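What follows is a set of notes on a single structure, which appears directly below.
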Amino acid sequence: MTHEFKEIIESYHKAKQQGIPAVMATVVDVEGSSYRRPGVGMLILQNGKMTGAVSGGCVEKEVLRQSQSVFASGESKMMTYDGKYRLGCEGLLYILIETFDISFIGIEIIQKHLKSRVPFEITSWYSKRDEVTSTMGSIVQFKGGQALSFSQEIEPDNSLDDFMREIQPCFRLIIIGTEHDAVQLCQLASATGWEVAIVGSPQHLKRLEDFPGAKEVIHSAPEDLSMEHIDDQTAIVLMSHNFAKDLLYLQALKETKPTYIGLLGPAQRREKLLSAFIEYFPEVTDRFLDTVHGPAGLNLGAETPQEIAISIIAEILSVIRGQNPIPLQEKKGAIHDDPKRKKINVISTKT
């Protein structure tokens, strides 16, 4: 959800520069099944433009309609949407609609945290009753005690329910390789909402335009590679199609802590690569080796570069979400009932 919030801030920044008022709609609770989980949001401008989504597309028109009273009064309101007869998910959504009026300084602070990959929290105070109240609203809280509200008037109201979510750094994919299959993986990862960095040889210079969706192209030999902010919100795929280069790049990454490292090629190539790597660096930790996946991707029968990219993205998702990939029709219980994901993405402080 971080990339969606980032897009919302970027859209709001442009709107504020033009003097266009905005409101924010946030799903703060769900009863039953729903297309999206609590924490997703949508920015609505007074001119009708929307950024983000609170569902698969079936709720947004009603949110837009109900947001008009917030534009008119400036008062936050709770909207409930029962999808039993209108949605395929048959869930009850609680959507907080509030004025979105962050100062330019506040926008800069948020963007600085997103760029530096420092997590922060957003807490929303709400009542499930369909009502309008000036005490409902959301506050962004940064480490060190700094905070700012979506609306300049909002202060915490402990008599209300509250919902807190942690905004993690945008998930990032580092692709080491510049062949045509790297282009396909880059495009798909960008469409997924990930930030993508391309690493290539300085002897074969590539342009950013060669990789649609990429945020940056880094030209670096393995021995000179210096990557900042490789954290548990980072995946790396080695796809230089050169065994020696892959080995050297893997050596350059040995002190980093990504959540996933993918290797192209058959299992025999992986074993040969890791054997050579361990021979050079016998002190390498098991934690690092556990992040290495090869052949990269899930067994989907992929053949084309596009299909292989899908299988790699799918495997990375399964790793970062802690899931064992199976057909959803074979999954017992609700689609979004995993307790680990709830703990990571939804922190309830309701008493």
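Residues in the structure tokens are numbered from 1 in each chain, the chains being A, B, ... in the order shown, and ligands are numbered from 1 in the order shown.
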Find the residues around A:Glu121 up to 8 Å (only C-alpha atoms counted), leave out those fewer than 4 positions away in its own chain, and share them as a PDB file with C-alpha atoms, in the first residue's frame.
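Contents of the output file selection.pdb:
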ATOM      1  CA  VAL A 140       0.696  10.836  10.564  1.00  0.00           C
ATOM      2  CA  GLN A 141       3.196   9.981  13.305  1.00  0.00           C
ATOM      3  CA  PHE A 142       6.961   9.892  12.739  1.00  0.00           C
ATOM      4  CA  MET A 164      -3.202   2.297  13.019  1.00  0.00           C
ATOM      5  CA  ARG A 165      -1.137   1.116  10.068  1.00  0.00           C
ATOM      6  CA  GLU A 166       2.598   1.278   9.544  1.00  0.00           C
ATOM      7  CA  ILE A 167       3.787   2.721   6.262  1.00  0.00           C
TER       8      ILE A 167
END
Can you tell me, as an mmCIF file with all heavy atoms, in the first residue's frame, which residues in stretch 238-320 of chain A count as helix (DSSP H, G or I) by DSSP?
data_model
loop_
_atom_site.group_PDB
_atom_site.id
_atom_site.type_symbol
_atom_site.label_atom_id
_atom_site.label_comp_id
_atom_site.auth_asym_id
_atom_site.auth_seq_id
_atom_site.Cartn_x
_atom_site.Cartn_y
_atom_site.Cartn_z
ATOM 1 N N PHE A 243 27.874 -16.362 -15.834
ATOM 2 C CA PHE A 243 28.140 -17.020 -14.554
ATOM 3 C C PHE A 243 29.156 -16.241 -13.723
ATOM 4 O O PHE A 243 28.948 -16.013 -12.527
ATOM 5 C CB PHE A 243 28.665 -18.447 -14.810
ATOM 6 C CG PHE A 243 28.936 -19.222 -13.557
ATOM 7 C CD1 PHE A 243 27.941 -19.991 -12.962
ATOM 8 C CD2 PHE A 243 30.192 -19.184 -12.946
ATOM 9 C CE1 PHE A 243 28.185 -20.713 -11.794
ATOM 10 C CE2 PHE A 243 30.447 -19.895 -11.779
ATOM 11 C CZ PHE A 243 29.437 -20.657 -11.200
ATOM 12 N N ALA A 244 30.252 -15.834 -14.331
ATOM 13 C CA ALA A 244 31.304 -15.132 -13.597
ATOM 14 C C ALA A 244 30.797 -13.812 -13.031
ATOM 15 O O ALA A 244 31.082 -13.455 -11.880
ATOM 16 C CB ALA A 244 32.509 -14.899 -14.497
ATOM 17 N N LYS A 245 30.010 -13.076 -13.834
ATOM 18 C CA LYS A 245 29.476 -11.797 -13.358
ATOM 19 C C LYS A 245 28.481 -12.009 -12.220
ATOM 20 O O LYS A 245 28.491 -11.269 -11.231
ATOM 21 C CB LYS A 245 28.821 -11.042 -14.510
ATOM 22 C CG LYS A 245 29.792 -10.395 -15.468
ATOM 23 C CD LYS A 245 29.062 -9.566 -16.501
ATOM 24 C CE LYS A 245 30.036 -8.889 -17.458
ATOM 25 N NZ LYS A 245 29.320 -8.077 -18.480
ATOM 26 N N ASP A 246 27.600 -12.999 -12.365
ATOM 27 C CA ASP A 246 26.643 -13.279 -11.296
ATOM 28 C C ASP A 246 27.369 -13.604 -9.995
ATOM 29 O O ASP A 246 26.972 -13.163 -8.907
ATOM 30 C CB ASP A 246 25.726 -14.437 -11.690
ATOM 31 C CG ASP A 246 24.607 -13.997 -12.628
ATOM 32 O OD1 ASP A 246 24.492 -12.784 -12.888
ATOM 33 O OD2 ASP A 246 23.855 -14.868 -13.090
ATOM 34 N N LEU A 247 28.449 -14.367 -10.089
ATOM 35 C CA LEU A 247 29.223 -14.728 -8.904
ATOM 36 C C LEU A 247 29.848 -13.490 -8.268
ATOM 37 O O LEU A 247 29.797 -13.310 -7.047
ATOM 38 C CB LEU A 247 30.307 -15.737 -9.273
ATOM 39 C CG LEU A 247 31.248 -16.171 -8.146
ATOM 40 C CD1 LEU A 247 30.462 -16.773 -6.981
ATOM 41 C CD2 LEU A 247 32.284 -17.153 -8.667
ATOM 42 N N LEU A 248 30.400 -12.612 -9.092
ATOM 43 C CA LEU A 248 31.026 -11.397 -8.568
ATOM 44 C C LEU A 248 29.994 -10.459 -7.942
ATOM 45 O O LEU A 248 30.242 -9.849 -6.895
ATOM 46 C CB LEU A 248 31.782 -10.683 -9.687
ATOM 47 C CG LEU A 248 33.051 -11.387 -10.186
ATOM 48 C CD1 LEU A 248 33.601 -10.689 -11.424
ATOM 49 C CD2 LEU A 248 34.106 -11.427 -9.081
ATOM 50 N N TYR A 249 28.836 -10.332 -8.580
ATOM 51 C CA TYR A 249 27.780 -9.474 -8.006
ATOM 52 C C TYR A 249 27.261 -10.073 -6.703
ATOM 53 O O TYR A 249 26.969 -9.347 -5.748
ATOM 54 C CB TYR A 249 26.637 -9.276 -9.003
ATOM 55 C CG TYR A 249 26.903 -8.202 -10.026
ATOM 56 C CD1 TYR A 249 27.003 -8.515 -11.383
ATOM 57 C CD2 TYR A 249 27.038 -6.868 -9.649
ATOM 58 C CE1 TYR A 249 27.236 -7.530 -12.331
ATOM 59 C CE2 TYR A 249 27.274 -5.878 -10.593
ATOM 60 C CZ TYR A 249 27.380 -6.213 -11.932
ATOM 61 O OH TYR A 249 27.625 -5.231 -12.861
ATOM 62 N N LEU A 250 27.143 -11.400 -6.650
ATOM 63 C CA LEU A 250 26.693 -12.039 -5.416
ATOM 64 C C LEU A 250 27.701 -11.776 -4.294
ATOM 65 O O LEU A 250 27.312 -11.521 -3.149
ATOM 66 C CB LEU A 250 26.533 -13.546 -5.645
ATOM 67 C CG LEU A 250 25.873 -14.340 -4.510
ATOM 68 C CD1 LEU A 250 24.444 -13.869 -4.266
ATOM 69 C CD2 LEU A 250 25.884 -15.826 -4.824
ATOM 70 N N GLN A 251 28.972 -11.808 -4.621
ATOM 71 C CA GLN A 251 30.005 -11.493 -3.632
ATOM 72 C C GLN A 251 29.875 -10.053 -3.150
ATOM 73 O O GLN A 251 30.051 -9.763 -1.963
ATOM 74 C CB GLN A 251 31.396 -11.724 -4.242
ATOM 75 C CG GLN A 251 31.716 -13.184 -4.528
ATOM 76 C CD GLN A 251 33.032 -13.362 -5.269
ATOM 77 O OE1 GLN A 251 33.764 -12.403 -5.497
ATOM 78 N NE2 GLN A 251 33.330 -14.591 -5.654
ATOM 79 N N ALA A 252 29.537 -9.149 -4.064
ATOM 80 C CA ALA A 252 29.393 -7.738 -3.699
ATOM 81 C C ALA A 252 28.201 -7.508 -2.770
ATOM 82 O O ALA A 252 28.149 -6.503 -2.053
ATOM 83 C CB ALA A 252 29.245 -6.886 -4.959
ATOM 84 N N ALA A 267 18.795 -25.606 -11.511
ATOM 85 C CA ALA A 267 19.301 -25.873 -10.160
ATOM 86 C C ALA A 267 20.781 -26.203 -10.164
ATOM 87 O O ALA A 267 21.515 -25.848 -9.234
ATOM 88 C CB ALA A 267 18.506 -27.023 -9.535
ATOM 89 N N GLN A 268 21.241 -26.865 -11.209
ATOM 90 C CA GLN A 268 22.663 -27.219 -11.294
ATOM 91 C C GLN A 268 23.531 -25.957 -11.325
ATOM 92 O O GLN A 268 24.597 -25.907 -10.694
ATOM 93 C CB GLN A 268 22.911 -28.066 -12.542
ATOM 94 C CG GLN A 268 24.350 -28.552 -12.676
ATOM 95 C CD GLN A 268 24.551 -29.404 -13.924
ATOM 96 O OE1 GLN A 268 23.628 -29.625 -14.689
ATOM 97 N NE2 GLN A 268 25.766 -29.894 -14.118
ATOM 98 N N ARG A 269 23.082 -24.939 -12.036
ATOM 99 C CA ARG A 269 23.823 -23.674 -12.092
ATOM 100 C C ARG A 269 23.837 -23.007 -10.718
ATOM 101 O O ARG A 269 24.855 -22.459 -10.283
ATOM 102 C CB ARG A 269 23.200 -22.738 -13.125
ATOM 103 C CG ARG A 269 23.957 -21.416 -13.315
ATOM 104 C CD ARG A 269 23.243 -20.559 -14.368
ATOM 105 N NE ARG A 269 24.017 -19.380 -14.733
ATOM 106 C CZ ARG A 269 23.962 -18.218 -14.102
ATOM 107 N NH1 ARG A 269 23.176 -18.089 -13.018
ATOM 108 N NH2 ARG A 269 24.691 -17.187 -14.512
ATOM 109 N N ARG A 270 22.698 -23.051 -10.033
ATOM 110 C CA ARG A 270 22.623 -22.480 -8.680
ATOM 111 C C ARG A 270 23.624 -23.152 -7.752
ATOM 112 O O ARG A 270 24.360 -22.476 -7.028
ATOM 113 C CB ARG A 270 21.213 -22.648 -8.124
ATOM 114 C CG ARG A 270 21.050 -22.186 -6.669
ATOM 115 C CD ARG A 270 19.831 -22.828 -6.045
ATOM 116 N NE ARG A 270 20.013 -24.276 -5.923
ATOM 117 C CZ ARG A 270 19.024 -25.164 -6.006
ATOM 118 N NH1 ARG A 270 17.791 -24.785 -6.214
ATOM 119 N NH2 ARG A 270 19.286 -26.455 -5.870
ATOM 120 N N GLU A 271 23.658 -24.486 -7.765
ATOM 121 C CA GLU A 271 24.563 -25.217 -6.878
ATOM 122 C C GLU A 271 26.021 -24.909 -7.192
ATOM 123 O O GLU A 271 26.853 -24.749 -6.284
ATOM 124 C CB GLU A 271 24.298 -26.723 -6.990
ATOM 125 C CG GLU A 271 22.939 -27.147 -6.454
ATOM 126 C CD GLU A 271 22.727 -26.708 -5.016
ATOM 127 O OE1 GLU A 271 23.638 -26.913 -4.190
ATOM 128 O OE2 GLU A 271 21.659 -26.139 -4.715
ATOM 129 N N LYS A 272 26.335 -24.806 -8.454
ATOM 130 C CA LYS A 272 27.699 -24.484 -8.862
ATOM 131 C C LYS A 272 28.075 -23.073 -8.404
ATOM 132 O O LYS A 272 29.188 -22.838 -7.903
ATOM 133 C CB LYS A 272 27.823 -24.611 -10.377
ATOM 134 C CG LYS A 272 29.233 -24.381 -10.901
ATOM 135 C CD LYS A 272 29.262 -24.543 -12.424
ATOM 136 C CE LYS A 272 30.671 -24.238 -12.965
ATOM 137 N NZ LYS A 272 30.702 -24.351 -14.455
ATOM 138 N N LEU A 273 27.124 -22.150 -8.565
ATOM 139 C CA LEU A 273 27.369 -20.754 -8.181
ATOM 140 C C LEU A 273 27.552 -20.629 -6.673
ATOM 141 O O LEU A 273 28.496 -19.976 -6.192
ATOM 142 C CB LEU A 273 26.203 -19.879 -8.656
ATOM 143 C CG LEU A 273 26.359 -18.364 -8.518
ATOM 144 C CD1 LEU A 273 27.430 -17.857 -9.481
ATOM 145 C CD2 LEU A 273 25.039 -17.669 -8.798
ATOM 146 N N LEU A 274 26.674 -21.262 -5.910
ATOM 147 C CA LEU A 274 26.769 -21.164 -4.453
ATOM 148 C C LEU A 274 28.007 -21.889 -3.922
ATOM 149 O O LEU A 274 28.626 -21.448 -2.945
ATOM 150 C CB LEU A 274 25.504 -21.730 -3.808
ATOM 151 C CG LEU A 274 24.233 -20.892 -3.991
ATOM 152 C CD1 LEU A 274 23.050 -21.562 -3.307
ATOM 153 C CD2 LEU A 274 24.421 -19.472 -3.439
ATOM 154 N N SER A 275 28.380 -22.996 -4.551
ATOM 155 C CA SER A 275 29.585 -23.705 -4.120
ATOM 156 C C SER A 275 30.820 -22.836 -4.294
ATOM 157 O O SER A 275 31.684 -22.762 -3.404
ATOM 158 C CB SER A 275 29.749 -25.006 -4.915
ATOM 159 O OG SER A 275 28.714 -25.915 -4.615
ATOM 160 N N ALA A 276 30.901 -22.164 -5.430
ATOM 161 C CA ALA A 276 32.028 -21.267 -5.670
ATOM 162 C C ALA A 276 32.002 -20.092 -4.704
ATOM 163 O O ALA A 276 33.048 -19.668 -4.184
ATOM 164 C CB ALA A 276 31.995 -20.768 -7.115
ATOM 165 N N PHE A 277 30.811 -19.576 -4.441
ATOM 166 C CA PHE A 277 30.661 -18.446 -3.531
ATOM 167 C C PHE A 277 31.104 -18.824 -2.114
ATOM 168 O O PHE A 277 31.862 -18.095 -1.465
ATOM 169 C CB PHE A 277 29.194 -17.990 -3.537
ATOM 170 C CG PHE A 277 28.883 -16.888 -2.561
ATOM 171 C CD1 PHE A 277 29.349 -15.607 -2.763
ATOM 172 C CD2 PHE A 277 28.113 -17.141 -1.434
ATOM 173 C CE1 PHE A 277 29.066 -14.593 -1.865
ATOM 174 C CE2 PHE A 277 27.823 -16.143 -0.529
ATOM 175 C CZ PHE A 277 28.303 -14.863 -0.744
ATOM 176 N N ILE A 278 30.652 -19.972 -1.633
ATOM 177 C CA ILE A 278 31.000 -20.415 -0.278
ATOM 178 C C ILE A 278 32.492 -20.747 -0.177
ATOM 179 O O ILE A 278 33.114 -20.542 0.869
ATOM 180 C CB ILE A 278 30.129 -21.626 0.124
ATOM 181 C CG1 ILE A 278 28.662 -21.205 0.241
ATOM 182 C CG2 ILE A 278 30.617 -22.242 1.433
ATOM 183 C CD1 ILE A 278 27.693 -22.354 0.423
ATOM 184 N N GLU A 279 33.062 -21.219 -1.268
ATOM 185 C CA GLU A 279 34.493 -21.520 -1.257
ATOM 186 C C GLU A 279 35.307 -20.251 -1.028
ATOM 187 O O GLU A 279 36.311 -20.258 -0.307
ATOM 188 C CB GLU A 279 34.894 -22.183 -2.569
ATOM 189 C CG GLU A 279 36.360 -22.609 -2.614
ATOM 190 C CD GLU A 279 36.717 -23.328 -3.914
ATOM 191 O OE1 GLU A 279 35.782 -23.677 -4.675
ATOM 192 O OE2 GLU A 279 37.918 -23.524 -4.161
ATOM 193 N N TYR A 280 34.859 -19.151 -1.654
ATOM 194 C CA TYR A 280 35.544 -17.872 -1.482
ATOM 195 C C TYR A 280 35.221 -17.244 -0.119
ATOM 196 O O TYR A 280 36.069 -16.573 0.480
ATOM 197 C CB TYR A 280 35.147 -16.897 -2.590
ATOM 198 C CG TYR A 280 35.822 -17.141 -3.909
ATOM 199 C CD1 TYR A 280 35.088 -17.578 -5.011
ATOM 200 C CD2 TYR A 280 37.192 -16.936 -4.062
ATOM 201 C CE1 TYR A 280 35.710 -17.797 -6.233
ATOM 202 C CE2 TYR A 280 37.816 -17.153 -5.277
ATOM 203 C CZ TYR A 280 37.075 -17.588 -6.367
ATOM 204 O OH TYR A 280 37.694 -17.813 -7.574
ATOM 205 N N ASP A 286 24.115 -18.218 7.261
ATOM 206 C CA ASP A 286 22.976 -18.996 6.756
ATOM 207 C C ASP A 286 21.822 -18.070 6.394
ATOM 208 O O ASP A 286 21.053 -18.353 5.467
ATOM 209 C CB ASP A 286 22.513 -20.003 7.814
ATOM 210 C CG ASP A 286 23.507 -21.138 7.998
ATOM 211 O OD1 ASP A 286 24.327 -21.360 7.089
ATOM 212 O OD2 ASP A 286 23.472 -21.786 9.066
ATOM 213 N N ARG A 287 21.694 -16.968 7.129
ATOM 214 C CA ARG A 287 20.614 -16.019 6.852
ATOM 215 C C ARG A 287 20.716 -15.488 5.425
ATOM 216 O O ARG A 287 19.716 -15.375 4.717
ATOM 217 C CB ARG A 287 20.652 -14.858 7.846
ATOM 218 C CG ARG A 287 19.521 -13.863 7.672
ATOM 219 C CD ARG A 287 19.712 -12.604 8.530
ATOM 220 N NE ARG A 287 18.591 -11.694 8.429
ATOM 221 C CZ ARG A 287 18.390 -10.878 7.405
ATOM 222 N NH1 ARG A 287 19.232 -10.875 6.379
ATOM 223 N NH2 ARG A 287 17.341 -10.070 7.380
ATOM 224 N N PHE A 288 21.931 -15.164 5.014
ATOM 225 C CA PHE A 288 22.122 -14.672 3.649
ATOM 226 C C PHE A 288 21.808 -15.770 2.636
ATOM 227 O O PHE A 288 21.096 -15.532 1.648
ATOM 228 C CB PHE A 288 23.551 -14.166 3.465
ATOM 229 C CG PHE A 288 23.838 -13.630 2.085
ATOM 230 C CD1 PHE A 288 23.500 -12.327 1.755
ATOM 231 C CD2 PHE A 288 24.430 -14.436 1.113
ATOM 232 C CE1 PHE A 288 23.748 -11.836 0.474
ATOM 233 C CE2 PHE A 288 24.684 -13.953 -0.162
ATOM 234 C CZ PHE A 288 24.345 -12.649 -0.479
ATOM 235 N N LEU A 289 22.305 -16.953 2.868
ATOM 236 C CA LEU A 289 22.080 -18.057 1.927
ATOM 237 C C LEU A 289 20.604 -18.414 1.821
ATOM 238 O O LEU A 289 20.130 -18.817 0.753
ATOM 239 C CB LEU A 289 22.893 -19.275 2.344
ATOM 240 C CG LEU A 289 24.417 -19.130 2.256
ATOM 241 C CD1 LEU A 289 25.097 -20.373 2.798
ATOM 242 C CD2 LEU A 289 24.849 -18.876 0.812
ATOM 243 N N ASP A 290 19.865 -18.244 2.922
ATOM 244 C CA ASP A 290 18.434 -18.559 2.909
ATOM 245 C C ASP A 290 17.644 -17.615 2.017
ATOM 246 O O ASP A 290 16.516 -17.930 1.617
ATOM 247 C CB ASP A 290 17.868 -18.522 4.322
ATOM 248 C CG ASP A 290 18.312 -19.721 5.165
ATOM 249 O OD1 ASP A 290 18.783 -20.717 4.568
ATOM 250 O OD2 ASP A 290 18.215 -19.651 6.402
ATOM 251 N N PRO A 305 9.792 -14.464 -21.912
ATOM 252 C CA PRO A 305 10.330 -13.525 -20.917
ATOM 253 C C PRO A 305 9.235 -12.891 -20.060
ATOM 254 O O PRO A 305 9.422 -12.692 -18.857
ATOM 255 C CB PRO A 305 11.047 -12.479 -21.770
ATOM 256 C CG PRO A 305 11.450 -13.218 -23.008
ATOM 257 C CD PRO A 305 10.329 -14.185 -23.268
ATOM 258 N N GLN A 306 8.086 -12.611 -20.681
ATOM 259 C CA GLN A 306 6.982 -12.022 -19.920
ATOM 260 C C GLN A 306 6.436 -12.999 -18.886
ATOM 261 O O GLN A 306 6.173 -12.626 -17.736
ATOM 262 C CB GLN A 306 5.851 -11.578 -20.873
ATOM 263 C CG GLN A 306 6.232 -10.454 -21.818
ATOM 264 C CD GLN A 306 6.906 -10.928 -23.094
ATOM 265 O OE1 GLN A 306 7.283 -12.101 -23.222
ATOM 266 N NE2 GLN A 306 7.062 -10.030 -24.059
ATOM 267 N N GLU A 307 6.278 -14.252 -19.289
ATOM 268 C CA GLU A 307 5.765 -15.262 -18.370
ATOM 269 C C GLU A 307 6.761 -15.561 -17.258
ATOM 270 O O GLU A 307 6.379 -15.754 -16.099
ATOM 271 C CB GLU A 307 5.432 -16.536 -19.142
ATOM 272 C CG GLU A 307 4.261 -16.386 -20.097
ATOM 273 C CD GLU A 307 4.067 -17.601 -20.991
ATOM 274 O OE1 GLU A 307 4.950 -18.487 -20.992
ATOM 275 O OE2 GLU A 307 3.043 -17.666 -21.688
ATOM 276 N N ILE A 308 8.035 -15.583 -17.600
ATOM 277 C CA ILE A 308 9.068 -15.806 -16.588
ATOM 278 C C ILE A 308 9.064 -14.662 -15.579
ATOM 279 O O ILE A 308 9.215 -14.878 -14.370
ATOM 280 C CB ILE A 308 10.447 -15.963 -17.257
ATOM 281 C CG1 ILE A 308 10.490 -17.266 -18.063
ATOM 282 C CG2 ILE A 308 11.562 -15.940 -16.225
ATOM 283 C CD1 ILE A 308 11.698 -17.399 -18.957
ATOM 284 N N ALA A 309 8.869 -13.435 -16.069
ATOM 285 C CA ALA A 309 8.790 -12.282 -15.168
ATOM 286 C C ALA A 309 7.617 -12.432 -14.201
ATOM 287 O O ALA A 309 7.738 -12.136 -13.004
ATOM 288 C CB ALA A 309 8.655 -10.990 -15.977
ATOM 289 N N ILE A 310 6.483 -12.910 -14.707
ATOM 290 C CA ILE A 310 5.315 -13.129 -13.844
ATOM 291 C C ILE A 310 5.641 -14.148 -12.758
ATOM 292 O O ILE A 310 5.304 -13.960 -11.586
ATOM 293 C CB ILE A 310 4.106 -13.601 -14.680
ATOM 294 C CG1 ILE A 310 3.594 -12.451 -15.558
ATOM 295 C CG2 ILE A 310 2.987 -14.121 -13.782
ATOM 296 C CD1 ILE A 310 2.545 -12.878 -16.566
ATOM 297 N N SER A 311 6.322 -15.230 -13.134
ATOM 298 C CA SER A 311 6.626 -16.275 -12.153
ATOM 299 C C SER A 311 7.599 -15.765 -11.094
ATOM 300 O O SER A 311 7.500 -16.139 -9.924
ATOM 301 C CB SER A 311 7.201 -17.515 -12.852
ATOM 302 O OG SER A 311 8.538 -17.319 -13.266
ATOM 303 N N ILE A 312 8.541 -14.902 -11.491
ATOM 304 C CA ILE A 312 9.497 -14.341 -10.526
ATOM 305 C C ILE A 312 8.789 -13.389 -9.571
ATOM 306 O O ILE A 312 8.989 -13.446 -8.354
ATOM 307 C CB ILE A 312 10.654 -13.634 -11.257
ATOM 308 C CG1 ILE A 312 11.504 -14.653 -12.024
ATOM 309 C CG2 ILE A 312 11.524 -12.863 -10.262
ATOM 310 C CD1 ILE A 312 12.576 -14.028 -12.908
ATOM 311 N N ILE A 313 7.950 -12.521 -10.124
ATOM 312 C CA ILE A 313 7.185 -11.597 -9.276
ATOM 313 C C ILE A 313 6.312 -12.381 -8.302
ATOM 314 O O ILE A 313 6.217 -12.047 -7.112
ATOM 315 C CB ILE A 313 6.297 -10.675 -10.140
ATOM 316 C CG1 ILE A 313 7.162 -9.744 -10.987
ATOM 317 C CG2 ILE A 313 5.344 -9.868 -9.267
ATOM 318 C CD1 ILE A 313 7.874 -8.664 -10.232
ATOM 319 N N ALA A 314 5.693 -13.445 -8.788
ATOM 320 C CA ALA A 314 4.821 -14.253 -7.929
ATOM 321 C C ALA A 314 5.606 -14.893 -6.786
ATOM 322 O O ALA A 314 5.135 -14.929 -5.643
ATOM 323 C CB ALA A 314 4.126 -15.330 -8.769
ATOM 324 N N GLU A 315 6.816 -15.387 -7.084
ATOM 325 C CA GLU A 315 7.606 -15.998 -6.020
ATOM 326 C C GLU A 315 8.032 -14.950 -4.988
ATOM 327 O O GLU A 315 7.989 -15.205 -3.783
ATOM 328 C CB GLU A 315 8.838 -16.696 -6.573
ATOM 329 C CG GLU A 315 9.634 -17.380 -5.459
ATOM 330 C CD GLU A 315 10.896 -18.068 -5.927
ATOM 331 O OE1 GLU A 315 11.580 -17.529 -6.811
ATOM 332 O OE2 GLU A 315 11.201 -19.154 -5.402
ATOM 333 N N ILE A 316 8.443 -13.789 -5.453
ATOM 334 C CA ILE A 316 8.845 -12.734 -4.525
ATOM 335 C C ILE A 316 7.679 -12.363 -3.613
ATOM 336 O O ILE A 316 7.844 -12.208 -2.398
ATOM 337 C CB ILE A 316 9.369 -11.505 -5.283
ATOM 338 C CG1 ILE A 316 10.666 -11.848 -6.032
ATOM 339 C CG2 ILE A 316 9.614 -10.338 -4.324
ATOM 340 C CD1 ILE A 316 11.166 -10.752 -6.956
ATOM 341 N N LEU A 317 6.492 -12.237 -4.185
ATOM 342 C CA LEU A 317 5.306 -11.927 -3.373
ATOM 343 C C LEU A 317 5.065 -13.004 -2.328
ATOM 344 O O LEU A 317 4.751 -12.707 -1.169
ATOM 345 C CB LEU A 317 4.071 -11.781 -4.274
ATOM 346 C CG LEU A 317 3.879 -10.440 -4.976
ATOM 347 C CD1 LEU A 317 2.714 -10.524 -5.944
ATOM 348 C CD2 LEU A 317 3.635 -9.326 -3.965
ATOM 349 N N SER A 318 5.209 -14.264 -2.721
ATOM 350 C CA SER A 318 4.961 -15.350 -1.769
ATOM 351 C C SER A 318 5.977 -15.321 -0.634
ATOM 352 O O SER A 318 5.642 -15.641 0.511
ATOM 353 C CB SER A 318 5.010 -16.708 -2.484
ATOM 354 O OG SER A 318 6.331 -17.055 -2.863
ATOM 355 N N VAL A 319 7.210 -14.906 -0.936
ATOM 356 C CA VAL A 319 8.248 -14.833 0.091
ATOM 357 C C VAL A 319 7.975 -13.676 1.055
ATOM 358 O O VAL A 319 8.001 -13.851 2.279
ATOM 359 C CB VAL A 319 9.641 -14.685 -0.552
ATOM 360 C CG1 VAL A 319 10.696 -14.357 0.501
ATOM 361 C CG2 VAL A 319 10.026 -15.972 -1.276
ATOM 362 N N ILE A 320 7.698 -12.501 0.530
ATOM 363 C CA ILE A 320 7.527 -11.341 1.406
ATOM 364 C C ILE A 320 6.213 -11.398 2.179
ATOM 365 O O ILE A 320 6.093 -10.779 3.238
ATOM 366 C CB ILE A 320 7.642 -10.014 0.624
ATOM 367 C CG1 ILE A 320 6.523 -9.890 -0.414
ATOM 368 C CG2 ILE A 320 9.007 -9.896 -0.024
ATOM 369 C CD1 ILE A 320 6.558 -8.586 -1.195
#
Need the shell around A:Ile236: protein/DNA/RNA residues with any atom at most 7 Å away, counting only C-alpha atoms. Skip same-chain ones fewer than 6 positions apart. Format as a PyMOL selection string?
chain A and resi 173-175+260-262
Keeping only N, CA, C and O atoms, write the selected residues as a PDB file, in the first residue's frame.
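Produced file result_7.pdb, reproduced below:
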ATOM      1  N   LEU A 173      12.828  -3.510  -6.133  1.00  0.00           N
ATOM      2  CA  LEU A 173      13.443  -4.618  -6.853  1.00  0.00           C
ATOM      3  C   LEU A 173      14.695  -4.110  -7.553  1.00  0.00           C
ATOM      4  O   LEU A 173      14.638  -3.144  -8.322  1.00  0.00           O
ATOM      5  N   ILE A 174      15.818  -4.745  -7.273  1.00  0.00           N
ATOM      6  CA  ILE A 174      17.073  -4.431  -7.947  1.00  0.00           C
ATOM      7  C   ILE A 174      17.346  -5.533  -8.959  1.00  0.00           C
ATOM      8  O   ILE A 174      17.478  -6.706  -8.590  1.00  0.00           O
ATOM      9  N   ILE A 175      17.394  -5.169 -10.229  1.00  0.00           N
ATOM     10  CA  ILE A 175      17.640  -6.124 -11.303  1.00  0.00           C
ATOM     11  C   ILE A 175      19.071  -5.950 -11.780  1.00  0.00           C
ATOM     12  O   ILE A 175      19.445  -4.875 -12.264  1.00  0.00           O
ATOM     13  N   TYR A 260      15.114 -11.227  -0.517  1.00  0.00           N
ATOM     14  CA  TYR A 260      15.068 -12.228  -1.587  1.00  0.00           C
ATOM     15  C   TYR A 260      16.198 -11.944  -2.570  1.00  0.00           C
ATOM     16  O   TYR A 260      16.440 -10.787  -2.944  1.00  0.00           O
ATOM     17  N   ILE A 261      16.903 -13.007  -2.982  1.00  0.00           N
ATOM     18  CA  ILE A 261      17.860 -12.934  -4.084  1.00  0.00           C
ATOM     19  C   ILE A 261      17.520 -14.050  -5.050  1.00  0.00           C
ATOM     20  O   ILE A 261      17.515 -15.229  -4.674  1.00  0.00           O
ATOM     21  N   GLY A 262      17.210 -13.706  -6.283  1.00  0.00           N
ATOM     22  CA  GLY A 262      16.834 -14.702  -7.276  1.00  0.00           C
ATOM     23  C   GLY A 262      17.944 -14.941  -8.287  1.00  0.00           C
ATOM     24  O   GLY A 262      18.620 -14.001  -8.715  1.00  0.00           O
TER      25      GLY A 262
END
Go through A:Ser151, A:Thr123, A:Gln168, A:Ser220 one by one, measure the shortest atom-to-atom distance of each to A:Gly74 using only C-alpha atoms, and give the residue with the smallest value.
A:Ser151
